[in-house]
Structures are given as C-alpha cells and as structure tokens.
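Data from final05.pdb: PDB, C-alpha atoms, pLDDT in the B column
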ATOM      1  CA  TYR A   1      67.134 -65.393 -13.465  1.00 42.00           C
ATOM      2  CA  TYR A   2      63.646 -65.831 -14.995  1.00 44.00           C
ATOM      3  CA  ARG A   3      62.267 -65.501 -18.508  1.00 47.00           C
ATOM      4  CA  HIS A   4      58.814 -65.755 -20.084  1.00 47.00           C
ATOM      5  CA  THR A   5      57.988 -68.951 -21.905  1.00 50.00           C
ATOM      6  CA  SER A   6      56.822 -66.928 -24.984  1.00 50.00           C
ATOM      7  CA  ASP A   7      54.882 -69.962 -26.194  1.00 51.00           C
ATOM      8  CA  GLY A   8      51.403 -69.011 -25.117  1.00 48.00           C
ATOM      9  CA  ALA A   9      51.578 -71.081 -21.942  1.00 50.00           C
ATOM     10  CA  GLY A  10      52.149 -68.068 -19.710  1.00 48.00           C
ATOM     11  CA  GLY A  11      54.204 -67.821 -16.555  1.00 48.00           C
ATOM     12  CA  LEU A  12      57.904 -67.533 -15.829  1.00 50.00           C
ATOM     13  CA  VAL A  13      60.448 -70.310 -16.055  1.00 50.00           C
ATOM     14  CA  PRO A  14      63.909 -70.294 -14.476  1.00 53.00           C
ATOM     15  CA  GLU A  15      67.031 -70.063 -16.577  1.00 52.00           C
ATOM     16  CA  ARG A  16      70.248 -71.703 -15.430  1.00 50.00           C
ATOM     17  CA  ALA A  17      72.255 -68.531 -16.022  1.00 52.00           C
ATOM     18  CA  PRO A  18      71.622 -64.945 -17.129  1.00 52.00           C
ATOM     19  CA  PRO A  19      71.729 -64.385 -20.906  1.00 51.00           C
ATOM     20  CA  ALA A  20      75.095 -63.570 -22.458  1.00 52.00           C
ATOM     21  CA  ARG A  21      73.974 -60.131 -23.657  1.00 52.00           C
ATOM     22  CA  ARG A  22      72.386 -57.508 -21.476  1.00 66.00           C
ATOM     23  CA  ARG A  23      68.652 -57.350 -21.995  1.00 86.00           C
ATOM     24  CA  LYS A  24      66.942 -54.033 -22.716  1.00 93.00           C
ATOM     25  CA  TYR A  25      63.240 -53.301 -22.854  1.00 95.00           C
ATOM     26  CA  VAL A  26      60.776 -50.908 -24.486  1.00 95.00           C
ATOM     27  CA  ALA A  27      57.339 -49.956 -23.149  1.00 93.00           C
ATOM     28  CA  ILE A  28      54.598 -47.408 -23.794  1.00 90.00           C
ATOM     29  CA  ASP A  29      54.772 -44.015 -22.081  1.00 89.00           C
ATOM     30  CA  GLY A  30      52.577 -40.933 -21.811  1.00 71.00           C
ATOM     31  CA  ARG A  31      49.211 -42.624 -21.332  1.00 69.00           C
ATOM     32  CA  VAL A  32      46.850 -43.184 -18.430  1.00 64.00           C
ATOM     33  CA  PHE A  33      47.901 -45.716 -15.765  1.00 61.00           C
ATOM     34  CA  GLY A  34      51.073 -46.433 -17.743  1.00 63.00           C
ATOM     35  CA  GLY A  35      49.018 -48.132 -20.422  1.00 73.00           C
ATOM     36  CA  LEU A  36      47.589 -47.566 -23.880  1.00 74.00           C
ATOM     37  CA  SER A  37      44.435 -45.516 -23.416  1.00 70.00           C
ATOM     38  CA  LEU A  38      41.499 -45.893 -25.769  1.00 67.00           C
ATOM     39  CA  CYS A  39      39.480 -43.400 -23.705  1.00 68.00           C
ATOM     40  CA  GLN A  40      41.200 -40.166 -24.672  1.00 67.00           C
ATOM     41  CA  LYS A  41      40.241 -37.877 -27.529  1.00 67.00           C
ATOM     42  CA  ASP A  42      41.633 -39.114 -30.871  1.00 66.00           C
ATOM     43  CA  PHE A  43      41.986 -42.631 -29.451  1.00 64.00           C
ATOM     44  CA  TYR A  44      38.441 -43.393 -28.298  1.00 60.00           C
ATOM     45  CA  HIS A  45      37.621 -47.057 -28.970  1.00 62.00           C
ATOM     46  CA  GLN A  46      40.079 -47.063 -31.879  1.00 70.00           C
ATOM     47  CA  GLY A  47      41.293 -50.631 -32.231  1.00 75.00           C
ATOM     48  CA  GLN A  48      43.157 -49.548 -35.349  1.00 83.00           C
ATOM     49  CA  VAL A  49      45.259 -47.136 -33.266  1.00 86.00           C
ATOM     50  CA  MET A  50      45.988 -49.868 -30.709  1.00 88.00           C
ATOM     51  CA  ARG A  51      47.183 -52.260 -33.417  1.00 92.00           C
ATOM     52  CA  LEU A  52      49.458 -49.686 -35.036  1.00 92.00           C
ATOM     53  CA  THR A  53      50.861 -48.656 -31.634  1.00 92.00           C
ATOM     54  CA  ILE A  54      51.808 -52.261 -30.853  1.00 94.00           C
ATOM     55  CA  ALA A  55      53.419 -52.525 -34.304  1.00 95.00           C
ATOM     56  CA  TRP A  56      55.321 -49.313 -33.477  1.00 95.00           C
ATOM     57  CA  LEU A  57      56.638 -50.811 -30.227  1.00 95.00           C
ATOM     58  CA  ALA A  58      57.762 -53.825 -32.252  1.00 96.00           C
ATOM     59  CA  THR A  59      59.501 -51.528 -34.756  1.00 96.00           C
ATOM     60  CA  VAL A  60      61.395 -49.757 -31.974  1.00 95.00           C
ATOM     61  CA  ALA A  61      62.282 -53.131 -30.452  1.00 95.00           C
ATOM     62  CA  ARG A  62      63.661 -54.475 -33.745  1.00 94.00           C
ATOM     63  CA  LEU A  63      65.702 -51.357 -34.540  1.00 92.00           C
ATOM     64  CA  THR A  64      67.118 -50.879 -31.038  1.00 92.00           C
ATOM     65  CA  ASP A  65      67.555 -54.550 -30.015  1.00 92.00           C
ATOM     66  CA  ARG A  66      64.968 -54.433 -27.244  1.00 95.00           C
ATOM     67  CA  ILE A  67      62.211 -56.586 -25.796  1.00 95.00           C
ATOM     68  CA  ILE A  68      58.618 -55.327 -25.769  1.00 95.00           C
ATOM     69  CA  ILE A  69      56.760 -55.107 -22.494  1.00 93.00           C
ATOM     70  CA  LEU A  70      53.170 -55.588 -23.621  1.00 91.00           C
ATOM     71  CA  PRO A  71      51.054 -52.565 -22.640  1.00 89.00           C
ATOM     72  CA  ARG A  72      47.923 -52.717 -20.586  1.00 87.00           C
ATOM     73  CA  VAL A  73      44.984 -51.212 -22.465  1.00 85.00           C
ATOM     74  CA  VAL A  74      42.630 -48.778 -20.723  1.00 80.00           C
ATOM     75  CA  LEU A  75      39.117 -48.825 -22.172  1.00 76.00           C
ATOM     76  CA  ASP A  76      36.137 -47.170 -20.483  1.00 76.00           C
ATOM     77  CA  TYR A  77      36.014 -48.498 -16.915  1.00 75.00           C
ATOM     78  CA  HIS A  78      38.404 -51.424 -17.209  1.00 78.00           C
ATOM     79  CA  LEU A  79      41.967 -52.538 -17.944  1.00 79.00           C
ATOM     80  CA  TYR A  80      42.606 -55.147 -20.624  1.00 80.00           C
ATOM     81  CA  PHE A  81      45.496 -57.394 -21.643  1.00 84.00           C
ATOM     82  CA  PRO A  82      46.393 -57.180 -25.347  1.00 86.00           C
ATOM     83  CA  TRP A  83      46.924 -60.940 -25.695  1.00 88.00           C
ATOM     84  CA  THR A  84      43.150 -61.547 -25.872  1.00 86.00           C
ATOM     85  CA  HIS A  85      43.231 -59.618 -29.189  1.00 88.00           C
ATOM     86  CA  LEU A  86      46.858 -59.909 -30.348  1.00 92.00           C
ATOM     87  CA  ASP A  87      48.144 -63.225 -31.686  1.00 94.00           C
ATOM     88  CA  LEU A  88      51.488 -63.440 -29.871  1.00 93.00           C
ATOM     89  CA  LYS A  89      52.574 -66.323 -32.100  1.00 94.00           C
ATOM     90  CA  THR A  90      52.982 -63.823 -34.945  1.00 95.00           C
ATOM     91  CA  LEU A  91      55.320 -61.716 -32.773  1.00 94.00           C
ATOM     92  CA  ASP A  92      57.403 -64.825 -32.148  1.00 94.00           C
ATOM     93  CA  GLU A  93      57.480 -65.614 -35.865  1.00 94.00           C
ATOM     94  CA  ALA A  94      58.540 -62.036 -36.669  1.00 94.00           C
ATOM     95  CA  GLY A  95      61.463 -62.323 -34.241  1.00 93.00           C
ATOM     96  CA  VAL A  96      60.008 -59.776 -31.797  1.00 94.00           C
ATOM     97  CA  GLU A  97      60.766 -60.718 -28.203  1.00 94.00           C
ATOM     98  CA  TRP A  98      58.121 -59.763 -25.651  1.00 94.00           C
ATOM     99  CA  ARG A  99      57.357 -59.856 -21.959  1.00 92.00           C
ATOM    100  CA  GLU A 100      54.025 -60.025 -20.170  1.00 89.00           C
ATOM    101  CA  THR A 101      52.282 -56.820 -19.076  1.00 86.00           C
ATOM    102  CA  ASN A 102      52.944 -57.329 -15.365  1.00 84.00           C
ATOM    103  CA  PHE A 103      56.644 -58.088 -15.883  1.00 86.00           C
ATOM    104  CA  PRO A 104      57.837 -54.784 -14.274  1.00 86.00           C
ATOM    105  CA  SER A 105      55.747 -55.471 -11.158  1.00 84.00           C
ATOM    106  CA  ASN A 106      57.205 -58.938 -10.588  1.00 84.00           C
ATOM    107  CA  PRO A 107      59.973 -58.575  -7.948  1.00 86.00           C
ATOM    108  CA  ARG A 108      61.705 -61.718  -9.265  1.00 85.00           C
ATOM    109  CA  SER A 109      62.663 -59.788 -12.414  1.00 83.00           C
ATOM    110  CA  TRP A 110      63.893 -56.654 -10.584  1.00 85.00           C
ATOM    111  CA  LEU A 111      67.439 -55.366 -10.550  1.00 85.00           C
ATOM    112  CA  ASN A 112      67.423 -55.349  -6.749  1.00 85.00           C
ATOM    113  CA  ALA A 113      64.997 -55.076  -3.836  1.00 86.00           C
ATOM    114  CA  THR A 114      64.073 -51.454  -4.604  1.00 87.00           C
ATOM    115  CA  HIS A 115      64.596 -50.910  -8.356  1.00 86.00           C
ATOM    116  CA  PRO A 116      63.050 -52.854 -11.251  1.00 85.00           C
ATOM    117  CA  PHE A 117      65.541 -51.463 -13.786  1.00 89.00           C
ATOM    118  CA  GLU A 118      69.092 -50.197 -13.709  1.00 89.00           C
ATOM    119  CA  SER A 119      68.333 -47.140 -15.869  1.00 91.00           C
ATOM    120  CA  VAL A 120      65.338 -45.569 -17.626  1.00 92.00           C
ATOM    121  CA  ALA A 121      64.999 -43.144 -20.554  1.00 94.00           C
ATOM    122  CA  ARG A 122      61.912 -41.523 -22.082  1.00 94.00           C
ATOM    123  CA  THR A 123      61.315 -40.280 -25.623  1.00 94.00           C
ATOM    124  CA  ALA A 124      58.337 -38.878 -27.521  1.00 93.00           C
ATOM    125  CA  LEU A 125      57.410 -37.964 -31.094  1.00 92.00           C
ATOM    126  CA  TYR A 126      54.478 -35.607 -31.738  1.00 90.00           C
ATOM    127  CA  PRO A 127      52.425 -34.968 -34.915  1.00 87.00           C
ATOM    128  CA  ASN A 128      54.044 -31.537 -35.393  1.00 88.00           C
ATOM    129  CA  GLY A 129      57.504 -33.129 -35.625  1.00 87.00           C
ATOM    130  CA  GLU A 130      58.638 -32.242 -32.103  1.00 91.00           C
ATOM    131  CA  MET A 131      60.866 -34.900 -30.538  1.00 93.00           C
ATOM    132  CA  TYR A 132      61.803 -35.151 -26.882  1.00 94.00           C
ATOM    133  CA  ALA A 133      64.229 -37.297 -24.920  1.00 93.00           C
ATOM    134  CA  GLN A 134      64.686 -37.410 -21.152  1.00 93.00           C
ATOM    135  CA  VAL A 135      67.665 -39.363 -19.903  1.00 91.00           C
ATOM    136  CA  GLY A 136      70.140 -39.315 -17.021  1.00 81.00           C
ATOM    137  CA  ASP A 137      69.885 -38.821 -13.287  1.00 79.00           C
ATOM    138  CA  ASP A 138      69.357 -35.078 -13.687  1.00 80.00           C
ATOM    139  CA  GLY A 139      66.244 -35.622 -15.808  1.00 80.00           C
ATOM    140  CA  ARG A 140      67.424 -33.212 -18.488  1.00 85.00           C
ATOM    141  CA  VAL A 141      65.053 -32.922 -21.463  1.00 91.00           C
ATOM    142  CA  HIS A 142      66.438 -32.718 -25.019  1.00 90.00           C
ATOM    143  CA  LYS A 143      64.258 -31.359 -27.828  1.00 91.00           C
ATOM    144  CA  TRP A 144      64.483 -31.416 -31.639  1.00 89.00           C
ATOM    145  CA  ASN A 145      62.131 -30.231 -34.400  1.00 88.00           C
ATOM    146  CA  MET A 146      61.534 -31.597 -37.902  1.00 84.00           C
ATOM    147  CA  PRO A 147      58.566 -31.217 -40.293  1.00 82.00           C
ATOM    148  CA  PHE A 148      56.504 -34.340 -39.600  1.00 79.00           C
ATOM    149  CA  GLU A 149      55.523 -34.550 -43.269  1.00 75.00           C
ATOM    150  CA  SER A 150      59.138 -35.406 -44.073  1.00 70.00           C
ATOM    151  CA  PRO A 151      59.573 -39.163 -44.630  1.00 69.00           C
ATOM    152  CA  ASP A 152      62.860 -38.870 -42.754  1.00 83.00           C
ATOM    153  CA  THR A 153      61.358 -37.623 -39.470  1.00 88.00           C
ATOM    154  CA  ILE A 154      60.577 -41.061 -38.045  1.00 90.00           C
ATOM    155  CA  ASP A 155      63.982 -42.360 -39.147  1.00 91.00           C
ATOM    156  CA  ALA A 156      65.682 -39.376 -37.447  1.00 90.00           C
ATOM    157  CA  TYR A 157      63.711 -39.982 -34.246  1.00 91.00           C
ATOM    158  CA  LEU A 158      64.651 -43.657 -34.130  1.00 92.00           C
ATOM    159  CA  ALA A 159      68.284 -42.926 -35.023  1.00 90.00           C
ATOM    160  CA  ALA A 160      68.564 -40.955 -31.789  1.00 90.00           C
ATOM    161  CA  HIS A 161      68.054 -44.251 -29.933  1.00 91.00           C
ATOM    162  CA  THR A 162      71.117 -45.911 -31.444  1.00 86.00           C
ATOM    163  CA  GLU A 163      74.609 -45.891 -29.973  1.00 82.00           C
ATOM    164  CA  GLY A 164      76.550 -42.704 -30.656  1.00 80.00           C
ATOM    165  CA  SER A 165      73.619 -40.821 -32.203  1.00 83.00           C
ATOM    166  CA  GLY A 166      71.449 -39.548 -29.345  1.00 84.00           C
ATOM    167  CA  PRO A 167      71.973 -38.065 -25.879  1.00 87.00           C
ATOM    168  CA  PRO A 168      74.460 -40.011 -23.720  1.00 87.00           C
ATOM    169  CA  GLY A 169      72.796 -42.933 -21.970  1.00 89.00           C
ATOM    170  CA  LEU A 170      69.740 -43.121 -24.222  1.00 92.00           C
ATOM    171  CA  SER A 171      70.765 -46.160 -26.251  1.00 92.00           C
ATOM    172  CA  ASP A 172      72.049 -47.961 -23.139  1.00 91.00           C
ATOM    173  CA  ALA A 173      69.015 -47.431 -20.888  1.00 93.00           C
ATOM    174  CA  GLU A 174      67.697 -50.753 -19.655  1.00 93.00           C
ATOM    175  CA  LEU A 175      64.102 -49.531 -19.994  1.00 94.00           C
ATOM    176  CA  LEU A 176      63.078 -47.214 -22.820  1.00 95.00           C
ATOM    177  CA  LEU A 177      59.670 -45.568 -22.494  1.00 94.00           C
ATOM    178  CA  VAL A 178      58.323 -44.277 -25.821  1.00 94.00           C
ATOM    179  CA  ASN A 179      55.366 -41.987 -26.456  1.00 90.00           C
ATOM    180  CA  PRO A 180      54.247 -42.246 -30.109  1.00 89.00           C
ATOM    181  CA  TRP A 181      51.716 -39.432 -29.825  1.00 85.00           C
ATOM    182  CA  PHE A 182      51.650 -39.113 -33.621  1.00 87.00           C
ATOM    183  CA  ILE A 183      49.859 -42.457 -33.990  1.00 85.00           C
ATOM    184  CA  LYS A 184      46.219 -41.528 -34.350  1.00 81.00           C
ATOM    185  CA  LEU A 185      43.483 -42.644 -36.715  1.00 76.00           C
ATOM    186  CA  GLY A 186      44.612 -40.160 -39.390  1.00 83.00           C
ATOM    187  CA  TYR A 187      48.172 -41.494 -39.395  1.00 85.00           C
ATOM    188  CA  SER A 188      46.936 -45.081 -39.514  1.00 84.00           C
ATOM    189  CA  GLY A 189      44.941 -44.347 -42.657  1.00 85.00           C
ATOM    190  CA  SER A 190      47.820 -42.330 -44.117  1.00 88.00           C
ATOM    191  CA  ILE A 191      50.437 -45.064 -43.827  1.00 89.00           C
ATOM    192  CA  ILE A 192      48.124 -47.617 -45.469  1.00 88.00           C
ATOM    193  CA  ASN A 193      47.307 -45.229 -48.327  1.00 88.00           C
ATOM    194  CA  ARG A 194      50.972 -44.372 -48.906  1.00 88.00           C
ATOM    195  CA  ALA A 195      51.955 -48.041 -48.792  1.00 89.00           C
ATOM    196  CA  ASN A 196      49.449 -48.591 -51.621  1.00 85.00           C
ATOM    197  CA  ARG A 197      51.181 -46.094 -53.890  1.00 83.00           C
ATOM    198  CA  LYS A 198      53.713 -47.168 -56.476  1.00 73.00           C
ATOM    199  CA  SER A 199      56.542 -45.426 -54.594  1.00 75.00           C
ATOM    200  CA  GLY A 200      55.567 -47.280 -51.391  1.00 80.00           C
ATOM    201  CA  LEU A 201      57.191 -46.641 -48.024  1.00 88.00           C
ATOM    202  CA  ARG A 202      60.829 -46.494 -47.012  1.00 88.00           C
ATOM    203  CA  GLY A 203      62.986 -46.703 -43.908  1.00 90.00           C
ATOM    204  CA  ALA A 204      61.371 -47.279 -40.541  1.00 91.00           C
ATOM    205  CA  GLU A 205      57.872 -46.701 -41.905  1.00 92.00           C
ATOM    206  CA  ALA A 206      58.336 -49.635 -44.278  1.00 93.00           C
ATOM    207  CA  LEU A 207      59.251 -51.856 -41.322  1.00 94.00           C
ATOM    208  CA  LEU A 208      56.343 -50.487 -39.262  1.00 94.00           C
ATOM    209  CA  PHE A 209      53.864 -51.318 -42.013  1.00 93.00           C
ATOM    210  CA  ALA A 210      55.427 -54.733 -42.664  1.00 94.00           C
ATOM    211  CA  LEU A 211      55.034 -55.675 -38.991  1.00 95.00           C
ATOM    212  CA  LEU A 212      51.465 -54.367 -38.890  1.00 94.00           C
ATOM    213  CA  TYR A 213      50.714 -56.491 -41.964  1.00 94.00           C
ATOM    214  CA  THR A 214      52.434 -59.528 -40.428  1.00 95.00           C
ATOM    215  CA  PHE A 215      50.748 -59.479 -37.022  1.00 96.00           C
ATOM    216  CA  ARG A 216      47.420 -61.253 -36.575  1.00 96.00           C
ATOM    217  CA  TRP A 217      44.448 -60.436 -34.337  1.00 93.00           C
ATOM    218  CA  CYS A 218      41.355 -62.059 -32.874  1.00 91.00           C
ATOM    219  CA  GLY A 219      38.237 -59.999 -33.520  1.00 85.00           C
ATOM    220  CA  LYS A 220      37.912 -56.404 -34.659  1.00 83.00           C
ATOM    221  CA  THR A 221      39.093 -55.061 -31.319  1.00 80.00           C
ATOM    222  CA  LEU A 222      39.329 -56.062 -27.672  1.00 76.00           C
ATOM    223  CA  VAL A 223      36.480 -58.173 -26.353  1.00 71.00           C
ATOM    224  CA  LEU A 224      34.833 -55.820 -23.870  1.00 70.00           C
ATOM    225  CA  GLU A 225      33.550 -58.748 -21.807  1.00 74.00           C
ATOM    226  CA  ARG A 226      37.136 -59.888 -21.057  1.00 75.00           C
ATOM    227  CA  PRO A 227      38.785 -57.222 -18.880  1.00 69.00           C
ATOM    228  CA  ALA A 228      42.034 -58.106 -17.125  1.00 75.00           C
ATOM    229  CA  HIS A 229      40.376 -59.210 -13.895  1.00 69.00           C
ATOM    230  CA  THR A 230      38.321 -61.879 -15.698  1.00 72.00           C
ATOM    231  CA  ALA A 231      40.690 -62.859 -18.536  1.00 71.00           C
ATOM    232  CA  MET A 232      41.675 -66.528 -18.474  1.00 73.00           C
ATOM    233  CA  ILE A 233      44.446 -68.361 -20.311  1.00 72.00           C
ATOM    234  CA  HIS A 234      41.905 -69.959 -22.672  1.00 72.00           C
ATOM    235  CA  HIS A 235      40.867 -66.459 -23.795  1.00 77.00           C
ATOM    236  CA  ASP A 236      44.228 -65.875 -25.475  1.00 85.00           C
ATOM    237  CA  CYS A 237      44.594 -65.416 -29.245  1.00 88.00           C
ATOM    238  CA  TYR A 238      47.798 -67.430 -29.650  1.00 90.00           C
ATOM    239  CA  GLY A 239      47.893 -69.084 -33.085  1.00 92.00           C
ATOM    240  CA  GLN A 240      44.288 -68.119 -33.877  1.00 92.00           C
ATOM    241  CA  GLY A 241      44.526 -64.600 -35.316  1.00 93.00           C
ATOM    242  CA  ALA A 242      43.612 -63.140 -38.697  1.00 93.00           C
ATOM    243  CA  ILE A 243      44.865 -60.087 -40.590  1.00 93.00           C
ATOM    244  CA  ALA A 244      43.758 -56.723 -39.204  1.00 90.00           C
ATOM    245  CA  ASP A 245      40.405 -55.482 -40.491  1.00 86.00           C
ATOM    246  CA  GLU A 246      41.913 -52.312 -41.955  1.00 86.00           C
ATOM    247  CA  LEU A 247      44.280 -54.416 -44.116  1.00 88.00           C
ATOM    248  CA  ARG A 248      41.879 -57.023 -45.496  1.00 84.00           C
ATOM    249  CA  ASP A 249      41.546 -55.213 -48.813  1.00 79.00           C
ATOM    250  CA  TYR A 250      45.179 -54.115 -49.084  1.00 79.00           C
ATOM    251  CA  LYS A 251      46.727 -55.255 -52.360  1.00 74.00           C
ATOM    252  CA  GLY A 252      50.026 -53.345 -52.376  1.00 73.00           C
ATOM    253  CA  ARG A 253      53.578 -54.395 -51.615  1.00 72.00           C
ATOM    254  CA  VAL A 254      54.866 -55.382 -48.178  1.00 71.00           C
TER     255      VAL A 254
END

Is it possible to express this structure as structure tokens?
Amino acid sequence: YYRHTSDGAGGLVPERAPPARRRKYVAIDGRVFGGLSLCQKDFYHQGQVMRLTIAWLATVARLTDRIIILPRVVLDYHLYFPWTHLDLKTLDEAGVEWRETNFPSNPRSWLNATHPFESVARTALYPNGEMYAQVGDDGRVHKWNMPFESPDTIDAYLAAHTEGSGPPGLSDAELLLVNPWFIKLGYSGSIINRANRKSGLRGAEALLFALLYTFRWCGKTLVLERPAHTAMIHHDCYGQGAIADELRDYKGRV
C-alpha cells in the first residue's frame, strides 16, 4: 500500500499496512480532459474561479470524509499542476488530505490490474438549482430541483452525499466526481460580498469561505511559463503562499 508524503517532497512512500478505515476520494468532473478548464466561457483565465473550485473540493472532502485528488488545470494550449500556485501546506494545516494529480493513473494505487477504484459516483450542482447524481452499475441518474438563491440549496446538495440521505451507494463510492458548475466569477464575488454582511454566511457556504480564506497562493494565478511538462519540484508553492488577491481587502468575519 502506498501513500503520498503530503509534505511537499513529492512521490509515494510505502506503508506497512493499509489504513484502518477505508479511504474515499473526491475529484473534479464535467470539465475538459478530466481537469479544471480555464478555457471555457465563464471560466476564461479566471484564477479566482480556480481558487474557489479548489476550496469547494476541500469543503466536499471535509463534509464527506474524503481525500482530494488535485485537479489538472487546462489553460490555453497546456496542462498545469495546481501546486505551482496553491500552497499545499495550508491544506495540510486545515486538515484537508490530498493526493497528487496523477494518483489515479498510478497502477500501484489501483484496486486491481484493471480498475483504479472499486466504485464511482458522479454529482453536479448547476446555477439554476438543478442537482444530479449518477451512481450504481446501471448508471441511473437522479435529479432534484431547488431555487439556487436559497441558502439551503448547497447544504441540501451536500447532504445527499452523506450516509442514509442520498441515492444508495453515493456516500460509499470510493471515488466521488463532483461538478460544481455554479462556481463562476459571479458566484465568487457574491460569496465574498455576503460574507461581508452583518448576517454573514451559514452552513456549508461558511465552511467554503473559511477554507478559501485559509488557503494561500503564489502569484495572482498560474504561472503560464510553468506548464506540467516543464514544472519542477522547486517550482512548488509549499509554505510560500499569500492570501488570495480577491480577499486582501476583506475585513469581515471568518
């Protein structure tokens, strides 16, 4: 059994025995090349959207007891690793477990010779409040609707991922693929503005904002000159990050 060092050194190290509890993972879904695209409309070159999406993955991980698989980022003609921009030390300090981007393609971490994971489920939340879940061998799709303006919509979506609340098999899936299609530039500005109000945020949104505020970053966005095929270990941001640009002037509660 192998695990990531999670200390900025990179690589896999052997464990003497598998962990006592079964490990479950969460990763991004619904984007190009299985990554987080900053090429599509509403996401074009939006570092702010990338940062909030990573904070969202961390929120899902915390509330569903999962480990993040760091997404690859698609920007213009290249793929990028988020660790050149994201300070992974702040994930460690926030108690968010993570795995490297290429973890699912490493056969040493696979369930067996043909399958990386024992089971997979997919969910999505859209800006109009539509929620979808696809789980089970038959690929059945479940759908719910709530007004997205309701502060309870995100809580209801995440509750479906907990044991006994959602479709059978969803909470137990070894890999959960989530598509937070609602996270666009408008939502990023909205959550910061609402956090600044006296009433503040509540529920999952409060955790989402707290993690976004906690995480640190190197630079305003990804360094375009460091695509995945040229990124080196000394390009990482571990222990060197600063607060996100969009939060530098934030004076509200966290």

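Between Gly239 (chain A) and the candidates A:Arg108, A:Gln134, A:Trp217, A:Tyr80, the tightest atom-to-atom separation, counting only C-alpha atoms, involves A:Trp217.
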
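Here the question is which of A:Arg140, A:Ala124, A:Tyr250, A:Thr84 gets nearest to His234 (chain A) using all atoms listed in the file, and that residue is A:Thr84.
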
Contact table region 16-113 of chain A vs region 170-176 of chain A, cut-off 10 Å, shortest pair per residue, only C-alpha atoms, as JSON lines:
{"residue": "A:Arg22", "atom": "CA", "partner": "A:Glu174", "partner_atom": "CA", "distance": 8.4}
{"residue": "A:Arg23", "atom": "CA", "partner": "A:Glu174", "partner_atom": "CA", "distance": 7.1}
{"residue": "A:Lys24", "atom": "CA", "partner": "A:Glu174", "partner_atom": "CA", "distance": 4.5}
{"residue": "A:Tyr25", "atom": "CA", "partner": "A:Leu175", "partner_atom": "CA", "distance": 4.8}
{"residue": "A:Val26", "atom": "CA", "partner": "A:Leu176", "partner_atom": "CA", "distance": 4.7}
{"residue": "A:Ala27", "atom": "CA", "partner": "A:Leu176", "partner_atom": "CA", "distance": 6.4}
{"residue": "A:Ile28", "atom": "CA", "partner": "A:Leu176", "partner_atom": "CA", "distance": 8.5}
{"residue": "A:Asp29", "atom": "CA", "partner": "A:Leu176", "partner_atom": "CA", "distance": 8.9}
{"residue": "A:Val60", "atom": "CA", "partner": "A:Leu176", "partner_atom": "CA", "distance": 9.6}
{"residue": "A:Ala61", "atom": "CA", "partner": "A:Leu176", "partner_atom": "CA", "distance": 9.7}
{"residue": "A:Thr64", "atom": "CA", "partner": "A:Ser171", "partner_atom": "CA", "distance": 7.6}
{"residue": "A:Asp65", "atom": "CA", "partner": "A:Ser171", "partner_atom": "CA", "distance": 9.7}
{"residue": "A:Arg66", "atom": "CA", "partner": "A:Leu176", "partner_atom": "CA", "distance": 8.7}
{"residue": "A:Ile67", "atom": "CA", "partner": "A:Leu175", "partner_atom": "CA", "distance": 9.3}
{"residue": "A:Ile68", "atom": "CA", "partner": "A:Leu176", "partner_atom": "CA", "distance": 9.7}
{"residue": "A:Ile69", "atom": "CA", "partner": "A:Leu175", "partner_atom": "CA", "distance": 9.6}
{"residue": "A:Pro104", "atom": "CA", "partner": "A:Leu175", "partner_atom": "CA", "distance": 10.0}

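With CA of Arg253 (chain A) on one side and CA of Glu205 (chain A) on the other, the separation reads 13.1 Å.
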
TODO: Rank A:Leu63, A:Glu149, A:Trp98, A:Ala121 by their smallest atom-to-atom distance to Tyr187 (chain A), using all atoms listed in the file, and report the top residue only.
DONE: A:Glu149

Since the input lacks atoms, please generate all heavy atoms for region 50-54 of chain A and provide them as a PDB file, keeping the file's coordinate frame.
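Here's the written file part-v1.pdb:
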ATOM      1  N   MET A  50      45.325 -48.923 -31.603  1.00 88.00           N
ATOM      2  CA  MET A  50      45.988 -49.868 -30.709  1.00 88.00           C
ATOM      3  C   MET A  50      46.890 -50.816 -31.505  1.00 88.00           C
ATOM      4  O   MET A  50      48.044 -51.067 -31.124  1.00 88.00           O
ATOM      5  CB  MET A  50      44.953 -50.664 -29.926  1.00 88.00           C
ATOM      6  CG  MET A  50      45.544 -51.760 -29.049  1.00 88.00           C
ATOM      7  SD  MET A  50      44.293 -52.743 -28.204  1.00 88.00           S
ATOM      8  CE  MET A  50      43.453 -53.486 -29.585  1.00 88.00           C
ATOM      9  N   ARG A  51      46.391 -51.318 -32.623  1.00 92.00           N
ATOM     10  CA  ARG A  51      47.183 -52.260 -33.417  1.00 92.00           C
ATOM     11  C   ARG A  51      48.442 -51.599 -33.984  1.00 92.00           C
ATOM     12  O   ARG A  51      49.529 -52.187 -33.957  1.00 92.00           O
ATOM     13  CB  ARG A  51      46.311 -52.844 -34.546  1.00 92.00           C
ATOM     14  CG  ARG A  51      45.248 -53.800 -34.046  1.00 92.00           C
ATOM     15  CD  ARG A  51      44.523 -54.484 -35.172  1.00 92.00           C
ATOM     16  NE  ARG A  51      43.552 -53.609 -35.833  1.00 92.00           N
ATOM     17  CZ  ARG A  51      42.299 -53.432 -35.426  1.00 92.00           C
ATOM     18  NH1 ARG A  51      41.859 -54.045 -34.332  1.00 92.00           N
ATOM     19  NH2 ARG A  51      41.483 -52.639 -36.102  1.00 92.00           N
ATOM     20  N   LEU A  52      48.301 -50.369 -34.473  1.00 92.00           N
ATOM     21  CA  LEU A  52      49.458 -49.686 -35.036  1.00 92.00           C
ATOM     22  C   LEU A  52      50.455 -49.312 -33.943  1.00 92.00           C
ATOM     23  O   LEU A  52      51.671 -49.340 -34.164  1.00 92.00           O
ATOM     24  CB  LEU A  52      49.023 -48.437 -35.800  1.00 92.00           C
ATOM     25  CG  LEU A  52      50.098 -47.747 -36.642  1.00 92.00           C
ATOM     26  CD1 LEU A  52      50.718 -48.714 -37.650  1.00 92.00           C
ATOM     27  CD2 LEU A  52      49.539 -46.520 -37.355  1.00 92.00           C
ATOM     28  N   THR A  53      49.964 -48.986 -32.747  1.00 92.00           N
ATOM     29  CA  THR A  53      50.861 -48.656 -31.634  1.00 92.00           C
ATOM     30  C   THR A  53      51.683 -49.874 -31.227  1.00 92.00           C
ATOM     31  O   THR A  53      52.884 -49.764 -30.947  1.00 92.00           O
ATOM     32  CB  THR A  53      50.067 -48.113 -30.432  1.00 92.00           C
ATOM     33  OG1 THR A  53      49.330 -46.952 -30.837  1.00 92.00           O
ATOM     34  CG2 THR A  53      50.995 -47.742 -29.283  1.00 92.00           C
ATOM     35  N   ILE A  54      51.068 -51.044 -31.185  1.00 94.00           N
ATOM     36  CA  ILE A  54      51.808 -52.261 -30.853  1.00 94.00           C
ATOM     37  C   ILE A  54      52.829 -52.576 -31.948  1.00 94.00           C
ATOM     38  O   ILE A  54      53.967 -52.979 -31.662  1.00 94.00           O
ATOM     39  CB  ILE A  54      50.839 -53.431 -30.623  1.00 94.00           C
ATOM     40  CG1 ILE A  54      50.056 -53.201 -29.317  1.00 94.00           C
ATOM     41  CG2 ILE A  54      51.585 -54.759 -30.562  1.00 94.00           C
ATOM     42  CD1 ILE A  54      48.992 -54.232 -29.027  1.00 94.00           C
TER      43      ILE A  54
END
